[in-house]
$ cat work_7.txt   # compact mmCIF, N, CA and C atoms
# COMPACT_ATOMS: atom_id res chain seq x y z
N MET J 886 63.28 -3.35 -19.93
CA MET J 886 63.45 -4.71 -20.39
C MET J 886 62.09 -5.32 -20.69
N ASP J 887 61.95 -5.87 -21.84
CA ASP J 887 60.70 -6.48 -22.26
C ASP J 887 60.51 -7.80 -21.52
N ALA J 888 59.39 -7.96 -20.85
CA ALA J 888 59.14 -9.17 -20.05
C ALA J 888 58.29 -10.18 -20.79
N SER J 889 58.14 -10.03 -22.09
CA SER J 889 57.32 -11.00 -22.82
C SER J 889 57.98 -12.37 -22.81
N PRO J 890 57.18 -13.44 -22.84
CA PRO J 890 57.73 -14.78 -22.77
C PRO J 890 58.75 -15.08 -23.87
N SER J 891 58.63 -14.43 -25.01
CA SER J 891 59.55 -14.73 -26.10
C SER J 891 60.96 -14.22 -25.83
N THR J 892 61.12 -13.24 -24.92
CA THR J 892 62.45 -12.71 -24.65
C THR J 892 63.09 -13.31 -23.41
N LYS J 893 62.31 -13.94 -22.56
CA LYS J 893 62.87 -14.56 -21.37
C LYS J 893 63.53 -15.88 -21.74
N ARG J 894 64.66 -16.14 -21.13
CA ARG J 894 65.41 -17.36 -21.43
C ARG J 894 65.81 -18.03 -20.12
N ALA J 895 66.08 -19.30 -20.22
CA ALA J 895 66.49 -20.06 -19.05
C ALA J 895 67.80 -20.76 -19.33
N LEU J 896 68.54 -20.97 -18.30
CA LEU J 896 69.83 -21.63 -18.36
C LEU J 896 69.73 -22.91 -17.56
N VAL J 897 70.24 -23.98 -18.08
CA VAL J 897 70.22 -25.24 -17.35
C VAL J 897 71.65 -25.62 -17.02
N TYR J 898 71.93 -25.82 -15.76
CA TYR J 898 73.24 -26.27 -15.31
C TYR J 898 73.10 -27.62 -14.65
N SER J 899 74.11 -28.40 -14.77
CA SER J 899 74.14 -29.69 -14.09
C SER J 899 75.37 -29.69 -13.21
N SER J 900 75.18 -29.87 -11.93
CA SER J 900 76.31 -29.91 -11.03
C SER J 900 76.73 -31.37 -10.89
N THR J 901 78.02 -31.60 -10.84
CA THR J 901 78.52 -32.97 -10.77
C THR J 901 79.36 -33.16 -9.53
N SER J 902 79.43 -34.38 -9.07
CA SER J 902 80.31 -34.70 -7.95
C SER J 902 81.47 -35.54 -8.47
N SER J 903 82.47 -35.77 -7.64
CA SER J 903 83.66 -36.46 -8.07
C SER J 903 83.40 -37.91 -8.45
N ASP J 904 82.30 -38.51 -7.98
CA ASP J 904 82.03 -39.90 -8.31
C ASP J 904 81.27 -40.06 -9.63
N ASP J 905 80.87 -38.93 -10.25
CA ASP J 905 80.22 -39.01 -11.54
C ASP J 905 81.24 -39.29 -12.63
N LYS J 906 80.81 -39.93 -13.71
CA LYS J 906 81.71 -40.15 -14.83
C LYS J 906 81.97 -38.81 -15.51
N SER J 907 83.23 -38.56 -15.83
CA SER J 907 83.57 -37.28 -16.42
C SER J 907 83.38 -37.32 -17.93
N TYR J 908 83.24 -36.14 -18.50
CA TYR J 908 83.06 -35.99 -19.94
C TYR J 908 84.37 -36.35 -20.62
N SER J 909 84.33 -37.20 -21.62
CA SER J 909 85.55 -37.56 -22.34
C SER J 909 85.40 -37.19 -23.80
N SER J 910 86.51 -36.89 -24.43
CA SER J 910 86.49 -36.53 -25.84
C SER J 910 87.72 -37.08 -26.51
N THR J 911 87.67 -37.11 -27.83
CA THR J 911 88.83 -37.55 -28.59
C THR J 911 89.48 -36.35 -29.24
N CYS J 912 90.66 -36.55 -29.79
CA CYS J 912 91.38 -35.45 -30.42
C CYS J 912 90.62 -34.86 -31.59
N SER J 913 89.74 -35.61 -32.21
CA SER J 913 89.00 -35.11 -33.36
C SER J 913 87.83 -34.21 -32.97
N ASP J 914 87.47 -34.18 -31.68
CA ASP J 914 86.37 -33.32 -31.24
C ASP J 914 86.78 -31.86 -31.39
N ILE J 915 85.83 -31.01 -31.79
CA ILE J 915 86.13 -29.59 -31.87
C ILE J 915 85.72 -28.93 -30.57
N GLU J 916 86.28 -27.77 -30.30
CA GLU J 916 86.10 -27.11 -29.01
C GLU J 916 84.64 -26.81 -28.68
N GLU J 917 83.80 -26.46 -29.66
CA GLU J 917 82.41 -26.12 -29.40
C GLU J 917 81.61 -27.30 -28.85
N GLU J 918 82.06 -28.52 -29.08
CA GLU J 918 81.33 -29.69 -28.61
C GLU J 918 81.52 -29.91 -27.11
N ILE J 919 82.56 -29.36 -26.54
CA ILE J 919 82.79 -29.51 -25.11
C ILE J 919 81.96 -28.45 -24.40
N PRO J 920 81.05 -28.87 -23.52
CA PRO J 920 80.19 -27.88 -22.86
C PRO J 920 81.01 -26.98 -21.92
N PRO J 921 80.70 -25.68 -21.89
CA PRO J 921 81.40 -24.77 -20.99
C PRO J 921 81.16 -25.18 -19.53
N THR J 922 82.20 -25.15 -18.75
CA THR J 922 82.10 -25.50 -17.33
C THR J 922 82.88 -24.50 -16.49
N PHE J 923 82.56 -24.47 -15.21
CA PHE J 923 83.41 -23.77 -14.25
C PHE J 923 83.28 -24.45 -12.91
N GLU J 924 84.34 -24.36 -12.13
CA GLU J 924 84.37 -24.95 -10.80
C GLU J 924 84.56 -23.84 -9.77
N VAL J 925 83.94 -24.02 -8.62
CA VAL J 925 84.07 -23.06 -7.54
C VAL J 925 84.43 -23.83 -6.27
N ILE J 926 85.51 -23.40 -5.63
CA ILE J 926 85.84 -23.94 -4.31
C ILE J 926 85.03 -23.11 -3.32
N MET J 927 84.15 -23.76 -2.61
CA MET J 927 83.23 -23.04 -1.73
C MET J 927 83.97 -22.40 -0.55
N THR J 928 83.72 -21.12 -0.39
CA THR J 928 84.24 -20.36 0.73
C THR J 928 83.06 -19.96 1.61
N ASP J 929 83.34 -19.35 2.75
CA ASP J 929 82.26 -18.90 3.63
C ASP J 929 81.32 -17.94 2.90
N SER J 930 81.88 -17.05 2.08
CA SER J 930 81.01 -16.09 1.39
C SER J 930 80.13 -16.77 0.34
N CYS J 931 80.60 -17.83 -0.29
CA CYS J 931 79.77 -18.58 -1.26
C CYS J 931 78.60 -19.26 -0.56
N ILE J 932 78.82 -19.67 0.67
CA ILE J 932 77.83 -20.44 1.40
C ILE J 932 76.88 -19.55 2.19
N ASP J 933 77.41 -18.51 2.80
CA ASP J 933 76.63 -17.69 3.72
C ASP J 933 75.80 -16.60 3.05
N TYR J 934 76.12 -16.25 1.82
CA TYR J 934 75.39 -15.19 1.14
C TYR J 934 74.46 -15.77 0.09
N ASP J 935 73.54 -14.94 -0.34
CA ASP J 935 72.52 -15.40 -1.29
C ASP J 935 72.92 -15.19 -2.74
N ASP J 936 74.22 -15.22 -3.03
CA ASP J 936 74.62 -15.11 -4.42
C ASP J 936 75.98 -15.77 -4.67
N LEU J 937 76.21 -16.08 -5.94
CA LEU J 937 77.48 -16.65 -6.38
C LEU J 937 77.80 -16.04 -7.74
N TYR J 938 78.98 -15.42 -7.84
CA TYR J 938 79.39 -14.82 -9.11
C TYR J 938 79.68 -15.90 -10.14
N ILE J 939 79.30 -15.61 -11.38
CA ILE J 939 79.53 -16.52 -12.51
C ILE J 939 80.68 -15.94 -13.32
N PRO J 940 81.70 -16.74 -13.61
CA PRO J 940 82.86 -16.22 -14.36
C PRO J 940 82.46 -15.67 -15.73
N ARG J 941 83.15 -14.62 -16.15
CA ARG J 941 82.86 -13.98 -17.44
C ARG J 941 83.03 -14.95 -18.61
N LYS J 942 83.94 -15.92 -18.50
CA LYS J 942 84.15 -16.87 -19.61
C LYS J 942 82.89 -17.71 -19.85
N ILE J 943 82.06 -17.88 -18.83
CA ILE J 943 80.79 -18.60 -18.97
C ILE J 943 79.70 -17.63 -19.44
N CYS J 944 79.72 -16.42 -18.90
CA CYS J 944 78.68 -15.43 -19.24
C CYS J 944 78.65 -15.11 -20.73
N LYS J 945 79.77 -15.24 -21.42
CA LYS J 945 79.78 -14.93 -22.86
C LYS J 945 78.91 -15.89 -23.66
N HIS J 946 78.52 -17.03 -23.07
CA HIS J 946 77.65 -17.99 -23.73
C HIS J 946 76.16 -17.68 -23.50
N PHE J 947 75.86 -16.68 -22.68
CA PHE J 947 74.48 -16.35 -22.33
C PHE J 947 73.93 -15.27 -23.24
N PRO J 948 72.64 -15.35 -23.59
CA PRO J 948 72.00 -14.22 -24.26
C PRO J 948 71.78 -13.10 -23.23
N PRO J 949 71.66 -11.86 -23.68
CA PRO J 949 71.53 -10.74 -22.72
C PRO J 949 70.26 -10.80 -21.88
N THR J 950 69.24 -11.52 -22.30
CA THR J 950 67.97 -11.54 -21.57
C THR J 950 67.87 -12.71 -20.58
N LEU J 951 68.95 -13.42 -20.36
CA LEU J 951 68.92 -14.58 -19.47
C LEU J 951 68.60 -14.17 -18.03
N GLU J 952 67.61 -14.84 -17.41
CA GLU J 952 67.17 -14.48 -16.07
C GLU J 952 67.08 -15.65 -15.10
N HIS J 953 66.96 -16.88 -15.60
CA HIS J 953 66.75 -18.03 -14.73
C HIS J 953 67.78 -19.12 -15.02
N ALA J 954 68.17 -19.82 -13.98
CA ALA J 954 69.03 -20.99 -14.13
C ALA J 954 68.32 -22.17 -13.48
N TYR J 955 68.46 -23.32 -14.09
CA TYR J 955 67.91 -24.55 -13.52
C TYR J 955 69.09 -25.45 -13.19
N PHE J 956 69.22 -25.81 -11.93
CA PHE J 956 70.29 -26.71 -11.50
C PHE J 956 69.71 -28.11 -11.40
N HIS J 957 70.43 -29.08 -11.92
CA HIS J 957 70.05 -30.49 -11.82
C HIS J 957 71.18 -31.21 -11.10
N HIS J 958 70.84 -31.93 -10.06
CA HIS J 958 71.85 -32.69 -9.31
C HIS J 958 71.16 -33.86 -8.62
N ARG J 959 71.64 -35.06 -8.89
CA ARG J 959 71.12 -36.28 -8.27
C ARG J 959 69.60 -36.39 -8.37
N GLY J 960 69.09 -36.12 -9.58
CA GLY J 960 67.66 -36.31 -9.83
C GLY J 960 66.75 -35.22 -9.30
N LYS J 961 67.30 -34.16 -8.76
CA LYS J 961 66.49 -33.07 -8.22
C LYS J 961 66.78 -31.79 -9.02
N GLU J 962 65.83 -30.85 -9.00
CA GLU J 962 65.98 -29.61 -9.76
C GLU J 962 65.74 -28.40 -8.87
N TRP J 963 66.54 -27.34 -9.07
CA TRP J 963 66.38 -26.07 -8.37
C TRP J 963 66.31 -24.97 -9.40
N ILE J 964 65.42 -24.00 -9.16
CA ILE J 964 65.33 -22.82 -10.02
C ILE J 964 66.04 -21.69 -9.29
N VAL J 965 66.96 -21.04 -9.99
CA VAL J 965 67.73 -19.95 -9.41
C VAL J 965 67.58 -18.73 -10.30
N ILE J 966 67.24 -17.60 -9.68
CA ILE J 966 67.13 -16.34 -10.40
C ILE J 966 68.52 -15.75 -10.53
N MET J 967 68.81 -15.22 -11.73
CA MET J 967 70.13 -14.64 -11.98
C MET J 967 70.03 -13.12 -12.02
N SER J 968 71.11 -12.47 -11.61
CA SER J 968 71.16 -11.01 -11.72
C SER J 968 71.38 -10.64 -13.17
N VAL J 969 71.03 -9.42 -13.53
CA VAL J 969 71.24 -8.94 -14.88
C VAL J 969 72.41 -7.96 -14.86
N GLY J 970 72.94 -7.68 -16.02
CA GLY J 970 74.07 -6.76 -16.11
C GLY J 970 75.31 -7.46 -16.63
N ASP J 971 76.43 -6.75 -16.55
CA ASP J 971 77.68 -7.27 -17.09
C ASP J 971 78.19 -8.47 -16.30
N GLN J 972 78.11 -8.41 -14.98
CA GLN J 972 78.59 -9.52 -14.15
C GLN J 972 77.39 -10.26 -13.57
N LYS J 973 77.11 -11.42 -14.13
CA LYS J 973 75.95 -12.21 -13.68
C LYS J 973 76.28 -12.95 -12.38
N ARG J 974 75.22 -13.17 -11.61
CA ARG J 974 75.34 -13.92 -10.36
C ARG J 974 74.10 -14.80 -10.21
N PHE J 975 74.28 -15.94 -9.56
CA PHE J 975 73.14 -16.73 -9.12
C PHE J 975 72.63 -16.04 -7.87
N LYS J 976 71.35 -15.73 -7.80
CA LYS J 976 70.79 -14.98 -6.67
C LYS J 976 69.76 -15.81 -5.93
N VAL J 977 68.49 -15.45 -6.08
CA VAL J 977 67.39 -16.10 -5.36
C VAL J 977 67.37 -17.59 -5.72
N GLY J 978 67.44 -18.44 -4.74
CA GLY J 978 67.45 -19.88 -4.96
C GLY J 978 68.82 -20.50 -4.74
N TRP J 979 69.89 -19.70 -4.83
CA TRP J 979 71.24 -20.22 -4.63
C TRP J 979 71.40 -20.79 -3.22
N ARG J 980 70.96 -20.07 -2.24
CA ARG J 980 71.11 -20.49 -0.84
C ARG J 980 70.37 -21.82 -0.59
N LEU J 981 69.20 -21.98 -1.16
CA LEU J 981 68.44 -23.23 -1.00
C LEU J 981 69.22 -24.40 -1.62
N PHE J 982 69.83 -24.18 -2.79
CA PHE J 982 70.64 -25.21 -3.43
C PHE J 982 71.80 -25.62 -2.51
N VAL J 983 72.45 -24.64 -1.91
CA VAL J 983 73.56 -24.90 -0.98
C VAL J 983 73.08 -25.73 0.21
N LEU J 984 71.98 -25.32 0.81
CA LEU J 984 71.47 -26.02 2.00
C LEU J 984 70.99 -27.42 1.68
N ASP J 985 70.26 -27.57 0.58
CA ASP J 985 69.71 -28.88 0.20
C ASP J 985 70.80 -29.91 -0.10
N ASN J 986 71.96 -29.44 -0.55
CA ASN J 986 73.04 -30.34 -0.93
C ASN J 986 74.16 -30.40 0.11
N PHE J 987 73.91 -29.82 1.27
CA PHE J 987 74.87 -29.85 2.38
C PHE J 987 76.26 -29.40 1.95
N ILE J 988 76.30 -28.36 1.13
CA ILE J 988 77.57 -27.83 0.64
C ILE J 988 78.26 -27.08 1.76
N ARG J 989 79.53 -27.38 1.97
CA ARG J 989 80.32 -26.78 3.05
C ARG J 989 81.58 -26.12 2.48
N ARG J 990 82.23 -25.33 3.31
CA ARG J 990 83.48 -24.69 2.94
C ARG J 990 84.49 -25.76 2.50
N GLY J 991 85.17 -25.50 1.38
CA GLY J 991 86.16 -26.42 0.87
C GLY J 991 85.63 -27.37 -0.20
N PHE J 992 84.31 -27.53 -0.28
CA PHE J 992 83.74 -28.38 -1.34
C PHE J 992 84.03 -27.73 -2.69
N VAL J 993 84.22 -28.55 -3.71
CA VAL J 993 84.37 -28.06 -5.07
C VAL J 993 83.08 -28.39 -5.81
N VAL J 994 82.44 -27.36 -6.33
CA VAL J 994 81.20 -27.56 -7.07
C VAL J 994 81.50 -27.21 -8.53
N LYS J 995 81.19 -28.15 -9.42
CA LYS J 995 81.42 -27.97 -10.85
C LYS J 995 80.08 -27.75 -11.55
N PHE J 996 80.02 -26.69 -12.35
CA PHE J 996 78.83 -26.36 -13.11
C PHE J 996 79.13 -26.58 -14.59
N THR J 997 78.20 -27.23 -15.28
CA THR J 997 78.32 -27.47 -16.70
C THR J 997 77.11 -26.88 -17.41
N LEU J 998 77.37 -26.05 -18.41
CA LEU J 998 76.28 -25.48 -19.19
C LEU J 998 75.68 -26.58 -20.05
N VAL J 999 74.41 -26.86 -19.83
CA VAL J 999 73.74 -27.93 -20.55
C VAL J 999 72.94 -27.37 -21.72
N ASP J 1000 72.22 -26.28 -21.48
CA ASP J 1000 71.34 -25.74 -22.51
C ASP J 1000 71.01 -24.29 -22.19
N VAL J 1001 70.80 -23.51 -23.22
CA VAL J 1001 70.25 -22.16 -23.09
C VAL J 1001 69.06 -22.13 -24.04
N SER J 1002 67.86 -21.94 -23.48
CA SER J 1002 66.66 -22.02 -24.31
C SER J 1002 65.58 -21.09 -23.80
N PRO J 1003 64.60 -20.76 -24.66
CA PRO J 1003 63.47 -19.92 -24.22
C PRO J 1003 62.65 -20.66 -23.17
N LEU J 1004 62.04 -19.90 -22.28
CA LEU J 1004 61.17 -20.50 -21.27
C LEU J 1004 59.90 -20.97 -21.92
$ encode --input "work_7.txt" --output "structure tokens"
Amino acid sequence: MDASPSTKRALVYSSTSSDDKSYSSTCSDIEEEIPPTFEVIMTDSCIDYDDLYIPRKICKHFPPTLEHAYFHHRGKEWIVIMSVGDQKRFKVGWRLFVLDNFIRRGFVVKFTLVDVSPL
């Protein structure tokens, strides 16, 4: 894998809580305008391990060289390293995000794809 800066890409996710205003659209909006999202109900394995699987429906929006994710939540940012291959996962940095946000079993965490861009 070529590690030159031109091939490395970053992913920006914004996690939302239930008190945030939700994205609204009208019937005239086309599907591409709605940002891809996924929700995860936190289980012990999501919290206790250093990774979280990303659904394939979201992965299809990623370029093959994607390696980093940036999480934004309540004015703070976390950098998370992603695994490579067919099934992507949030790896290094995921556990810190969980701890910093006091995420517990049963919490629902929603991820919204904000941007995919070169580093």
$ atom_distance --input "work_7.txt" --atom1 "atom C of Phe996 of chain J" --atom2 "atom N of Pro921 of chain J"
7.5 Å
$ axis_aligned_box --input "work_7.txt" --around "segment 948-958 of chain J" --padding-each-side "4 Å" --output "lines of an AutoDock Vina configuration file"
center_x = 69.7
center_y = -22.3
center_z = -16.4
size_x = 13.9
size_y = 31.1
size_z = 23.6
$ closest_residue --input "work_7.txt" --among "J:Asp929, J:Val983, J:His946, J:Arg959" --to "Leu998 of chain J" --atoms "only C-alpha atoms"
J:His946
$ closest_residue --input "work_7.txt" --among "J:Lys976, J:Pro948, J:Phe956, J:Thr922" --to "Asp936 of chain J" --atoms "all atoms listed in the file"
J:Lys976
$ residues_around --input "work_7.txt" --residues "Thr928 of chain J" --least-positions-apart "3" --cutoff "8 Å" --atoms "only C-alpha atoms" --output "PyMOL selection string"
chain J and resi 931-932+989-991
$ closest_residue --input "work_7.txt" --among "J:Phe975, J:Tyr934, J:Lys942, J:Leu981" --to "Ala954 of chain J" --atoms "all atoms listed in the file"
J:Phe975
$ atom_distance --input "work_7.txt" --atom1 "atom CA of His953 of chain J" --atom2 "atom CA of Phe992 of chain J"
24.0 Å
$ atom_distance --input "work_7.txt" --atom1 "atom CA of Lys995 of chain J" --atom2 "atom CA of Thr950 of chain J"
23.8 Å
$ select_by_dssp --input "work_7.txt" --residues "segment 910-984 of chain J" --states "strand (DSSP E)" --output "mmCIF file with N, CA and C atoms, keeping the file's coordinate frame"
data_model
loop_
_atom_site.group_PDB
_atom_site.id
_atom_site.type_symbol
_atom_site.label_atom_id
_atom_site.label_comp_id
_atom_site.auth_asym_id
_atom_site.auth_seq_id
_atom_site.Cartn_x
_atom_site.Cartn_y
_atom_site.Cartn_z
ATOM 1 N N THR J 922 82.200 -25.150 -18.750
ATOM 2 C CA THR J 922 82.100 -25.500 -17.330
ATOM 3 C C THR J 922 82.880 -24.500 -16.490
ATOM 4 N N PHE J 923 82.560 -24.470 -15.210
ATOM 5 C CA PHE J 923 83.410 -23.770 -14.250
ATOM 6 C C PHE J 923 83.280 -24.450 -12.910
ATOM 7 N N GLU J 924 84.340 -24.360 -12.130
ATOM 8 C CA GLU J 924 84.370 -24.950 -10.800
ATOM 9 C C GLU J 924 84.560 -23.840 -9.770
ATOM 10 N N VAL J 925 83.940 -24.020 -8.620
ATOM 11 C CA VAL J 925 84.070 -23.060 -7.540
ATOM 12 C C VAL J 925 84.430 -23.830 -6.270
ATOM 13 N N ILE J 926 85.510 -23.400 -5.630
ATOM 14 C CA ILE J 926 85.840 -23.940 -4.310
ATOM 15 C C ILE J 926 85.030 -23.110 -3.320
ATOM 16 N N LEU J 937 76.210 -16.080 -5.940
ATOM 17 C CA LEU J 937 77.480 -16.650 -6.380
ATOM 18 C C LEU J 937 77.800 -16.040 -7.740
ATOM 19 N N TYR J 938 78.980 -15.420 -7.840
ATOM 20 C CA TYR J 938 79.390 -14.820 -9.110
ATOM 21 C C TYR J 938 79.680 -15.900 -10.140
ATOM 22 N N LEU J 951 68.950 -13.420 -20.360
ATOM 23 C CA LEU J 951 68.920 -14.580 -19.470
ATOM 24 C C LEU J 951 68.600 -14.170 -18.030
ATOM 25 N N GLU J 952 67.610 -14.840 -17.410
ATOM 26 C CA GLU J 952 67.170 -14.480 -16.070
ATOM 27 C C GLU J 952 67.080 -15.650 -15.100
ATOM 28 N N HIS J 953 66.960 -16.880 -15.600
ATOM 29 C CA HIS J 953 66.750 -18.030 -14.730
ATOM 30 C C HIS J 953 67.780 -19.120 -15.020
ATOM 31 N N ALA J 954 68.170 -19.820 -13.980
ATOM 32 C CA ALA J 954 69.030 -20.990 -14.130
ATOM 33 C C ALA J 954 68.320 -22.170 -13.480
ATOM 34 N N TYR J 955 68.460 -23.320 -14.090
ATOM 35 C CA TYR J 955 67.910 -24.550 -13.520
ATOM 36 C C TYR J 955 69.090 -25.450 -13.190
ATOM 37 N N PHE J 956 69.220 -25.810 -11.930
ATOM 38 C CA PHE J 956 70.290 -26.710 -11.500
ATOM 39 C C PHE J 956 69.710 -28.110 -11.400
ATOM 40 N N HIS J 957 70.430 -29.080 -11.920
ATOM 41 C CA HIS J 957 70.050 -30.490 -11.820
ATOM 42 C C HIS J 957 71.180 -31.210 -11.100
ATOM 43 N N HIS J 958 70.840 -31.930 -10.060
ATOM 44 C CA HIS J 958 71.850 -32.690 -9.310
ATOM 45 C C HIS J 958 71.160 -33.860 -8.620
ATOM 46 N N LYS J 961 67.300 -34.160 -8.760
ATOM 47 C CA LYS J 961 66.490 -33.070 -8.220
ATOM 48 C C LYS J 961 66.780 -31.790 -9.020
ATOM 49 N N GLU J 962 65.830 -30.850 -9.000
ATOM 50 C CA GLU J 962 65.980 -29.610 -9.760
ATOM 51 C C GLU J 962 65.740 -28.400 -8.870
ATOM 52 N N TRP J 963 66.540 -27.340 -9.070
ATOM 53 C CA TRP J 963 66.380 -26.070 -8.370
ATOM 54 C C TRP J 963 66.310 -24.970 -9.400
ATOM 55 N N ILE J 964 65.420 -24.000 -9.160
ATOM 56 C CA ILE J 964 65.330 -22.820 -10.020
ATOM 57 C C ILE J 964 66.040 -21.690 -9.290
ATOM 58 N N VAL J 965 66.960 -21.040 -9.990
ATOM 59 C CA VAL J 965 67.730 -19.950 -9.410
ATOM 60 C C VAL J 965 67.580 -18.730 -10.300
ATOM 61 N N ILE J 966 67.240 -17.600 -9.680
ATOM 62 C CA ILE J 966 67.130 -16.340 -10.400
ATOM 63 C C ILE J 966 68.520 -15.750 -10.530
ATOM 64 N N ARG J 974 75.220 -13.170 -11.610
ATOM 65 C CA ARG J 974 75.340 -13.920 -10.360
ATOM 66 C C ARG J 974 74.100 -14.800 -10.210
ATOM 67 N N PHE J 975 74.280 -15.940 -9.560
ATOM 68 C CA PHE J 975 73.140 -16.730 -9.120
ATOM 69 C C PHE J 975 72.630 -16.040 -7.870
#
$ closest_residue --input "work_7.txt" --among "J:Val1001, J:Met927, J:Val993, J:Leu984" --to "Ile943 of chain J" --atoms "only C-alpha atoms"
J:Val1001
$ closest_residue --input "work_7.txt" --among "J:Phe923, J:Gly978, J:Ser1002, J:Asp971" --to "Asp935 of chain J" --atoms "only N, CA and C atoms"
J:Gly978
